[in-house]
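Here's the structure, in structure tokens; my notes come after.
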Amino acid sequence: MTAPEATLESALEELAARLAGGTGPLLLRADDLQVHRRAIEELTEDPRGTTSALVSRAANCDLRIPPAHGGPSAGVRRRGGRVVSAGSAAHQVTGADAVFTGALLVSEVDRPTAAAAARQAADAARTAGWDGDALDVLVVALVRGGIPVRSVLVDPWPWRRGADGTERARFQAEVDRTDDPEVHRLRLARATKADDGLVATVLSRPLARSLTPLALRAGLTPNTVTLISALLGLAAAACFATGDRLALVAGAVLLQLSLVVDCVDGDVARYTRRFSAQGAWLDAATDRIKEFACYGGLAWGSGEGSEAWLVAAAMLTLQTARHTVDYTFTAVKEDREGESGRLPLEQVDDGVPAGASAVSARAARAVDASERSNRRPAVRWTKKALHLGIGERWLVLSVLAAAGRPMAALVVLLVLGLASLAYTSTGRALRARSWPATTPSPREREIVRAQADLGPLVPAAVAAGMARSGPGGGRFLWVRPALLRVAEYAAVVGVVAAVSRDLLGPAFALLLVVASHHYDDLYRVLQGLPPAGRSAWLGLGAPGRVLLVAVLAALGPDALEGGLWALAAALGILYVVVEPVRLLRDVRERAAADPVPEAAGG
């Protein structure tokens, strides 16, 4: 960024001026960073346009030339794809798992706050007499100032820092001569998701790596691959529904193939950098539809009648509640812990700041304990297995279905799901108790409120109260949407079973459609997409749907059966066809060309 003789203070002031003096994303790159241009494109061509730092795994540090400033490259610690602690010549990092390479993209929306952070860092450098690299200190200032910094791995692209002029030119020329096949190989290698579940890591993703090049050669988009995966999953459900032994085996194979193809869509998205909020929404929504369809197919084909439908409905309820908690808790945790993780720029280490409250210190220790345990491979992989992710669930379904035990597949999965729920809920409750009893942030309330689904029968003021904090400062606000899901689904099953257990099949069909709507609401708010419009009212809301089912039940079994199928069909058209089409249309209309990042040396 500056000449070697420039002081850290003046370099930071220059950074502040560049950040404040323009529009659009700004790419900051160290003068002594040598890397292939394709690696830099991982920052500049990402359509998400978020503030991002190019980092390399700490395990590869011994392969890199130390920077000219002396000492190793600045360490960083990552969590959930974000840099949560960064180091410099004046700042230490506990448990660093990567190093900052010297390339930083600051988004347009973050430029004013980043400029202020750089000015603050310049003042601190003047007061404390710091020395070192300005970009390192800027990343520290951003992270400690609460600006989200996404971590983007440069690996396996080769890179170097700190070589002299001759060596720098030689290495850069060598990197620039990388031929197209090698570039393709490197891009494929980094397109594979780095962190996944146990079964996906061992089975699905290795198989997906052989299919991703085929999808790329065929020119398939990530969304096209997602739809192919959905069709395979629905075909598996249809095979399960026949109950035939060979069809059960075919369904098991198709379900596993669907999971492999589902890994391919992410690889294609990362390779082509075709990331989009609607793509993430489509991927997650179709995963749930095909999984729940398989529950229904197994129940239908088992020949066990109402017992099978009752277990399938229980599994659908459990999984919807679990996913609601999973995603809501994760979003709330990032919001709360990201806020509580702010540190004074003048503090040398990244521990709990002096004078922090006992509650804040307890929260910081809880985060630190979780991160330390995850650094142990045995603990990390055990946690992944206990979480019972999609790979583990589908493996249970596939193995037992192929063995000709469709009912056992549902029962075993339900038991494992309840055990996993107990494990994850205990950990999350303990984690939430460590948070300060502060008022929920607007983002936290928005995430909860968007999932209320109370419809036109509940006054707006009552619906808004769902996102208000209660005892404990709203630390457990993230549980409320899941409790609403369980209450509605249990009420529907209970009312229908009280009239005739033989009608649990159409009740399951209704719940499948309603669950797709609830996932839609959840993914929209997490991805920053427009909320559901008229469907929130046309779908009656949870109280309206339960009331309607109760009225149909009062009219007798025949009216209830016809009403359940009619309601499932009507809501299916509304939730699975009309609303997604409207969403995709709105997103296309709002889409605008992303600005090309302004580039600056550094």
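Every chain in the structure tokens takes a letter, A first, then B, and so on in the order presented; its residues are numbered from 1, and the ligands are numbered from 1 following the presented order.
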Could you name the residues that touch His387 of chain A at 9 Å or less, counting only C-alpha atoms, but leaving out those on the same chain fewer than 5 positions away, as an MDAnalysis selection string? chainID A and resid 197 382 392 417 420:421 423:424
Could you list, with a cut-off of 7 Å and counting only C-alpha atoms, the residues of segment 472-550 of chain A near segment 295-315 of chain A, each shown with its nearest atom pair and the distance in Å rounded to one decimal, rows sorted by chain and ascending number, as a tab-separated table?
residue	atom	partner	partner_atom	distance
A:Arg501	CA	A:Ser306	CA	5.7
A:Asp502	CA	A:Ser306	CA	5.5
A:Leu504	CA	A:Trp309	CA	5.8
A:Gly505	CA	A:Trp309	CA	5.8
A:Phe508	CA	A:Ala313	CA	5.7
Take the residues from that selection and put them in a file with all heavy atoms, as a compact mmCIF listing (two decimals), in the first residue's frame.
# COMPACT_ATOMS: atom_id res chain seq x y z
N ARG A 501 -58.15 -42.16 12.76
CA ARG A 501 -56.72 -42.33 12.51
C ARG A 501 -56.45 -42.70 11.06
O ARG A 501 -55.32 -42.56 10.57
CB ARG A 501 -56.16 -43.40 13.44
CG ARG A 501 -56.12 -42.95 14.90
CD ARG A 501 -55.80 -44.12 15.82
NE ARG A 501 -54.48 -44.66 15.61
CZ ARG A 501 -53.40 -44.30 16.29
NH1 ARG A 501 -53.50 -43.39 17.24
NH2 ARG A 501 -52.23 -44.86 16.06
N ASP A 502 -57.47 -43.17 10.35
CA ASP A 502 -57.30 -43.51 8.94
C ASP A 502 -57.08 -42.28 8.07
O ASP A 502 -56.72 -42.41 6.89
CB ASP A 502 -58.51 -44.28 8.42
CG ASP A 502 -58.64 -45.66 9.06
OD1 ASP A 502 -57.61 -46.19 9.51
OD2 ASP A 502 -59.77 -46.18 9.12
N LEU A 504 -54.90 -39.88 8.76
CA LEU A 504 -53.60 -39.27 9.02
C LEU A 504 -52.78 -39.11 7.74
O LEU A 504 -51.86 -38.29 7.70
CB LEU A 504 -52.82 -40.10 10.05
CG LEU A 504 -53.36 -40.01 11.49
CD1 LEU A 504 -52.60 -40.96 12.40
CD2 LEU A 504 -53.26 -38.57 12.00
N GLY A 505 -53.09 -39.88 6.70
CA GLY A 505 -52.40 -39.72 5.42
C GLY A 505 -52.65 -38.35 4.82
O GLY A 505 -51.69 -37.61 4.53
N PHE A 508 -50.97 -35.71 6.83
CA PHE A 508 -49.55 -35.60 6.54
C PHE A 508 -49.33 -34.76 5.28
O PHE A 508 -48.41 -33.93 5.23
CB PHE A 508 -48.93 -36.98 6.35
CG PHE A 508 -47.47 -36.95 5.99
CD1 PHE A 508 -46.50 -36.91 6.98
CD2 PHE A 508 -47.06 -36.94 4.66
CE1 PHE A 508 -45.15 -36.87 6.65
CE2 PHE A 508 -45.71 -36.90 4.33
CZ PHE A 508 -44.76 -36.86 5.33
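Take the candidates A:Met407, A:Leu503, A:Ala460, A:Val264 and check each one against Ala241 of chain A using only C-alpha atoms; the shortest distance goes to A:Met407.
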Name all residues at most 12 Å from Arg534 of chain A (count only C-alpha atoms; drop same-chain ones fewer than 3 positions away) and give them as a ChimeraX atom specification. /A:453,455-456,531,537-541,574-575,578-579,582-583
Please, could you write that set of residues out with N, CA, C and O atoms as a PDB file, in the first residue's frame?
ATOM      1  N   ASP A 453     -46.212 -16.369  11.378  1.00  0.00           N
ATOM      2  CA  ASP A 453     -47.273 -17.036  10.607  1.00  0.00           C
ATOM      3  C   ASP A 453     -48.570 -17.130  11.406  1.00  0.00           C
ATOM      4  O   ASP A 453     -49.174 -18.193  11.511  1.00  0.00           O
ATOM      5  N   GLY A 455     -51.226 -15.036  10.719  1.00  0.00           N
ATOM      6  CA  GLY A 455     -52.322 -14.806   9.789  1.00  0.00           C
ATOM      7  C   GLY A 455     -53.295 -13.722  10.199  1.00  0.00           C
ATOM      8  O   GLY A 455     -53.049 -12.956  11.134  1.00  0.00           O
ATOM      9  N   PRO A 456     -54.428 -13.676   9.508  1.00  0.00           N
ATOM     10  CA  PRO A 456     -55.378 -12.572   9.703  1.00  0.00           C
ATOM     11  C   PRO A 456     -56.227 -12.680  10.966  1.00  0.00           C
ATOM     12  O   PRO A 456     -56.855 -11.700  11.352  1.00  0.00           O
ATOM     13  N   PRO A 531     -40.216 -10.712   2.115  1.00  0.00           N
ATOM     14  CA  PRO A 531     -41.100 -11.629   2.848  1.00  0.00           C
ATOM     15  C   PRO A 531     -42.267 -12.074   1.985  1.00  0.00           C
ATOM     16  O   PRO A 531     -42.601 -11.436   0.983  1.00  0.00           O
ATOM     17  N   TRP A 537     -51.560 -14.175   4.361  1.00  0.00           N
ATOM     18  CA  TRP A 537     -52.969 -14.005   4.739  1.00  0.00           C
ATOM     19  C   TRP A 537     -53.866 -15.021   4.048  1.00  0.00           C
ATOM     20  O   TRP A 537     -54.771 -15.570   4.670  1.00  0.00           O
ATOM     21  N   LEU A 538     -53.603 -15.270   2.779  1.00  0.00           N
ATOM     22  CA  LEU A 538     -54.429 -16.253   2.072  1.00  0.00           C
ATOM     23  C   LEU A 538     -54.284 -17.645   2.670  1.00  0.00           C
ATOM     24  O   LEU A 538     -55.217 -18.462   2.601  1.00  0.00           O
ATOM     25  N   GLY A 539     -53.119 -17.923   3.257  1.00  0.00           N
ATOM     26  CA  GLY A 539     -52.909 -19.221   3.897  1.00  0.00           C
ATOM     27  C   GLY A 539     -53.509 -19.317   5.276  1.00  0.00           C
ATOM     28  O   GLY A 539     -53.367 -20.355   5.941  1.00  0.00           O
ATOM     29  N   LEU A 540     -54.158 -18.262   5.754  1.00  0.00           N
ATOM     30  CA  LEU A 540     -54.919 -18.212   7.004  1.00  0.00           C
ATOM     31  C   LEU A 540     -54.055 -18.128   8.257  1.00  0.00           C
ATOM     32  O   LEU A 540     -54.556 -17.811   9.332  1.00  0.00           O
ATOM     33  N   GLY A 541     -52.770 -18.438   8.159  1.00  0.00           N
ATOM     34  CA  GLY A 541     -51.939 -18.471   9.358  1.00  0.00           C
ATOM     35  C   GLY A 541     -52.191 -19.733  10.157  1.00  0.00           C
ATOM     36  O   GLY A 541     -53.174 -20.453   9.931  1.00  0.00           O
ATOM     37  N   LEU A 574     -50.618 -22.416  -3.620  1.00  0.00           N
ATOM     38  CA  LEU A 574     -50.233 -21.104  -3.091  1.00  0.00           C
ATOM     39  C   LEU A 574     -48.772 -21.083  -2.648  1.00  0.00           C
ATOM     40  O   LEU A 574     -48.002 -20.181  -3.009  1.00  0.00           O
ATOM     41  N   TYR A 575     -48.358 -22.083  -1.866  1.00  0.00           N
ATOM     42  CA  TYR A 575     -47.043 -22.074  -1.239  1.00  0.00           C
ATOM     43  C   TYR A 575     -45.925 -22.627  -2.119  1.00  0.00           C
ATOM     44  O   TYR A 575     -44.779 -22.188  -2.022  1.00  0.00           O
ATOM     45  N   VAL A 578     -47.286 -20.521  -6.560  1.00  0.00           N
ATOM     46  CA  VAL A 578     -47.522 -19.086  -6.730  1.00  0.00           C
ATOM     47  C   VAL A 578     -46.462 -18.245  -6.023  1.00  0.00           C
ATOM     48  O   VAL A 578     -45.842 -17.359  -6.630  1.00  0.00           O
ATOM     49  N   GLU A 579     -46.238 -18.525  -4.735  1.00  0.00           N
ATOM     50  CA  GLU A 579     -45.325 -17.682  -3.971  1.00  0.00           C
ATOM     51  C   GLU A 579     -43.876 -17.803  -4.437  1.00  0.00           C
ATOM     52  O   GLU A 579     -43.188 -16.792  -4.573  1.00  0.00           O
ATOM     53  N   ARG A 582     -43.532 -15.814  -7.616  1.00  0.00           N
ATOM     54  CA  ARG A 582     -43.542 -14.376  -7.324  1.00  0.00           C
ATOM     55  C   ARG A 582     -42.198 -13.936  -6.755  1.00  0.00           C
ATOM     56  O   ARG A 582     -41.671 -12.873  -7.101  1.00  0.00           O
ATOM     57  N   LEU A 583     -41.636 -14.758  -5.890  1.00  0.00           N
ATOM     58  CA  LEU A 583     -40.351 -14.417  -5.298  1.00  0.00           C
ATOM     59  C   LEU A 583     -39.261 -14.302  -6.351  1.00  0.00           C
ATOM     60  O   LEU A 583     -38.511 -13.323  -6.393  1.00  0.00           O
TER      61      LEU A 583
END
Name the residues of segment 8-242 of chain A that come out as helix (DSSP H, G or I) in a backbone DSSP run; write them as a ChimeraX atom specification. /A:8-20,37-44,58-63,111-128,134-144,165-176,180-191,198-217,222-242
Per residue of segment 149-174 of chain A within 12 Å of segment 105-129 of chain A, which atom pair is closest and at what distance in Å (one decimal), using only C-alpha atoms, listed by chain and increasing number, as CSV?
residue,atom,partner,partner_atom,distance
A:Val149,CA,A:Val106,CA,8.7
A:Arg150,CA,A:Leu105,CA,9.6
A:Ser151,CA,A:Leu105,CA,10.6
A:Val152,CA,A:Leu105,CA,10.4
Atoms kept (N, CA and C atoms) for selection, written as an mmCIF file, in the first residue's frame:
data_model
loop_
_atom_site.group_PDB
_atom_site.id
_atom_site.type_symbol
_atom_site.label_atom_id
_atom_site.label_comp_id
_atom_site.auth_asym_id
_atom_site.auth_seq_id
_atom_site.Cartn_x
_atom_site.Cartn_y
_atom_site.Cartn_z
ATOM 1 N N VAL A 149 -16.366 -9.625 8.494
ATOM 2 C CA VAL A 149 -15.337 -9.848 7.480
ATOM 3 C C VAL A 149 -15.380 -11.329 7.100
ATOM 4 N N ARG A 150 -15.839 -11.612 5.906
ATOM 5 C CA ARG A 150 -15.909 -13.000 5.442
ATOM 6 C C ARG A 150 -14.513 -13.507 5.137
ATOM 7 N N SER A 151 -14.240 -14.756 5.497
ATOM 8 C CA SER A 151 -12.935 -15.347 5.186
ATOM 9 C C SER A 151 -13.043 -16.143 3.892
ATOM 10 N N VAL A 152 -12.148 -15.864 2.967
ATOM 11 C CA VAL A 152 -12.106 -16.559 1.681
ATOM 12 C C VAL A 152 -10.756 -17.258 1.573
#
Could you pull out all residues of segment 116-350 of chain A with a DSSP call of strand (DSSP E or B) and give them as a ChimeraX atom specification? /A:150-153,159-160
What does the file look like for those residues with all heavy atoms, as an mmCIF file, in the first residue's frame?
data_model
loop_
_atom_site.group_PDB
_atom_site.id
_atom_site.type_symbol
_atom_site.label_atom_id
_atom_site.label_comp_id
_atom_site.auth_asym_id
_atom_site.auth_seq_id
_atom_site.Cartn_x
_atom_site.Cartn_y
_atom_site.Cartn_z
ATOM 1 N N ARG A 150 -15.839 -11.612 5.906
ATOM 2 C CA ARG A 150 -15.909 -13.000 5.442
ATOM 3 C C ARG A 150 -14.513 -13.507 5.137
ATOM 4 O O ARG A 150 -13.682 -12.779 4.584
ATOM 5 C CB ARG A 150 -16.794 -13.084 4.198
ATOM 6 C CG ARG A 150 -17.109 -14.512 3.752
ATOM 7 C CD ARG A 150 -18.229 -14.500 2.711
ATOM 8 N NE ARG A 150 -17.850 -13.731 1.538
ATOM 9 C CZ ARG A 150 -17.252 -14.247 0.473
ATOM 10 N NH1 ARG A 150 -16.954 -15.528 0.426
ATOM 11 N NH2 ARG A 150 -16.952 -13.484 -0.562
ATOM 12 N N SER A 151 -14.240 -14.756 5.497
ATOM 13 C CA SER A 151 -12.935 -15.347 5.186
ATOM 14 C C SER A 151 -13.043 -16.143 3.892
ATOM 15 O O SER A 151 -13.935 -16.970 3.734
ATOM 16 C CB SER A 151 -12.463 -16.253 6.326
ATOM 17 O OG SER A 151 -13.312 -17.369 6.474
ATOM 18 N N VAL A 152 -12.148 -15.864 2.967
ATOM 19 C CA VAL A 152 -12.106 -16.559 1.681
ATOM 20 C C VAL A 152 -10.756 -17.258 1.573
ATOM 21 O O VAL A 152 -9.713 -16.592 1.575
ATOM 22 C CB VAL A 152 -12.289 -15.579 0.503
ATOM 23 C CG1 VAL A 152 -12.187 -16.316 -0.832
ATOM 24 C CG2 VAL A 152 -13.628 -14.860 0.613
ATOM 25 N N LEU A 153 -10.755 -18.569 1.493
ATOM 26 C CA LEU A 153 -9.507 -19.320 1.429
ATOM 27 C C LEU A 153 -8.853 -19.169 0.062
ATOM 28 O O LEU A 153 -9.510 -19.349 -0.969
ATOM 29 C CB LEU A 153 -9.754 -20.799 1.710
ATOM 30 C CG LEU A 153 -9.845 -21.214 3.177
ATOM 31 C CD1 LEU A 153 -10.265 -22.669 3.276
ATOM 32 C CD2 LEU A 153 -8.527 -20.983 3.892
ATOM 33 N N TRP A 159 0.909 -18.713 -3.335
ATOM 34 C CA TRP A 159 1.065 -17.285 -3.074
ATOM 35 C C TRP A 159 2.309 -17.062 -2.228
ATOM 36 O O TRP A 159 2.791 -17.967 -1.542
ATOM 37 C CB TRP A 159 -0.158 -16.705 -2.373
ATOM 38 C CG TRP A 159 -0.378 -17.233 -0.973
ATOM 39 C CD1 TRP A 159 -0.959 -18.411 -0.634
ATOM 40 C CD2 TRP A 159 0.001 -16.597 0.249
ATOM 41 N NE1 TRP A 159 -0.974 -18.560 0.729
ATOM 42 C CE2 TRP A 159 -0.393 -17.462 1.299
ATOM 43 C CE3 TRP A 159 0.631 -15.396 0.559
ATOM 44 C CZ2 TRP A 159 -0.179 -17.162 2.636
ATOM 45 C CZ3 TRP A 159 0.844 -15.081 1.898
ATOM 46 C CH2 TRP A 159 0.443 -15.959 2.923
ATOM 47 N N ARG A 160 2.828 -15.848 -2.277
ATOM 48 C CA ARG A 160 3.999 -15.479 -1.482
ATOM 49 C C ARG A 160 3.895 -14.026 -1.053
ATOM 50 O O ARG A 160 3.210 -13.227 -1.680
ATOM 51 C CB ARG A 160 5.297 -15.687 -2.267
ATOM 52 C CG ARG A 160 5.673 -17.145 -2.478
ATOM 53 C CD ARG A 160 7.076 -17.256 -3.041
ATOM 54 N NE ARG A 160 7.438 -18.650 -3.293
ATOM 55 C CZ ARG A 160 8.629 -19.038 -3.725
ATOM 56 N NH1 ARG A 160 9.573 -18.153 -3.960
ATOM 57 N NH2 ARG A 160 8.885 -20.314 -3.919
#
Find the spatial neighbours of segment 227-236 of chain A, counting only C-alpha atoms, within a cut-off of 6 Å - ignore same-chain residues fewer than 6 positions away - and output them as a count of residues only. 8
For Leu511 of chain A, work out the shell of residues within 9 Å, counting only C-alpha atoms and skipping chain neighbours fewer than 5 positions away, then give it as a PDB file with N, CA and C atoms, in the first residue's frame.
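After the write, part_22.pdb holds the following:
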ATOM      1  N   ALA A 313     -45.671 -38.268  10.424  1.00  0.00           N
ATOM      2  CA  ALA A 313     -46.053 -36.913  10.833  1.00  0.00           C
ATOM      3  C   ALA A 313     -45.203 -36.441  12.006  1.00  0.00           C
ATOM      4  N   LEU A 316     -41.817 -35.500  10.588  1.00  0.00           N
ATOM      5  CA  LEU A 316     -41.891 -34.207   9.891  1.00  0.00           C
ATOM      6  C   LEU A 316     -41.935 -33.059  10.898  1.00  0.00           C
ATOM      7  N   THR A 317     -42.725 -33.225  11.952  1.00  0.00           N
ATOM      8  CA  THR A 317     -42.814 -32.188  12.979  1.00  0.00           C
ATOM      9  C   THR A 317     -41.468 -31.985  13.673  1.00  0.00           C
ATOM     10  N   TYR A 489     -48.671 -28.288  14.226  1.00  0.00           N
ATOM     11  CA  TYR A 489     -48.663 -29.630  13.641  1.00  0.00           C
ATOM     12  C   TYR A 489     -49.284 -30.645  14.592  1.00  0.00           C
ATOM     13  N   VAL A 492     -53.101 -30.247  14.527  1.00  0.00           N
ATOM     14  CA  VAL A 492     -53.717 -30.839  13.330  1.00  0.00           C
ATOM     15  C   VAL A 492     -53.773 -32.361  13.462  1.00  0.00           C
ATOM     16  N   VAL A 493     -52.664 -32.980  13.853  1.00  0.00           N
ATOM     17  CA  VAL A 493     -52.630 -34.438  13.991  1.00  0.00           C
ATOM     18  C   VAL A 493     -53.599 -34.893  15.080  1.00  0.00           C
ATOM     19  N   PRO A 506     -53.918 -37.958   4.611  1.00  0.00           N
ATOM     20  CA  PRO A 506     -54.158 -36.599   4.102  1.00  0.00           C
ATOM     21  C   PRO A 506     -53.705 -35.520   5.074  1.00  0.00           C
ATOM     22  N   SER A 516     -43.432 -26.632   4.032  1.00  0.00           N
ATOM     23  CA  SER A 516     -42.680 -25.969   2.959  1.00  0.00           C
ATOM     24  C   SER A 516     -42.849 -24.450   3.053  1.00  0.00           C
ATOM     25  N   ALA A 568     -54.928 -29.127   1.338  1.00  0.00           N
ATOM     26  CA  ALA A 568     -53.536 -29.411   0.962  1.00  0.00           C
ATOM     27  C   ALA A 568     -53.272 -28.995  -0.477  1.00  0.00           C
TER      28      ALA A 568
END
Between atom CA of Asp244 of chain A and atom CA of Val399 of chain A - distance in Å to one decimal: 15.2 Å
Nearby residues (only C-alpha atoms) at most 12 Å from Leu214 of chain A, same-chain spacing under 6 positions excluded, as a PyMOL selection string: chain A and resi 188+208+220-221+225+261+264-265+267-268
Give me, as a ChimeraX atom specification, all polymer residues having an atom no more than 12 Å from Glu174 of chain A, counting only C-alpha atoms and skipping those fewer than 2 positions away in the same chain. /A:34-36,158-160,167-172,176-179
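The coordinates place atom CA of Ala491 of chain A at 16.2 Å from atom CA of Glu561 of chain A.
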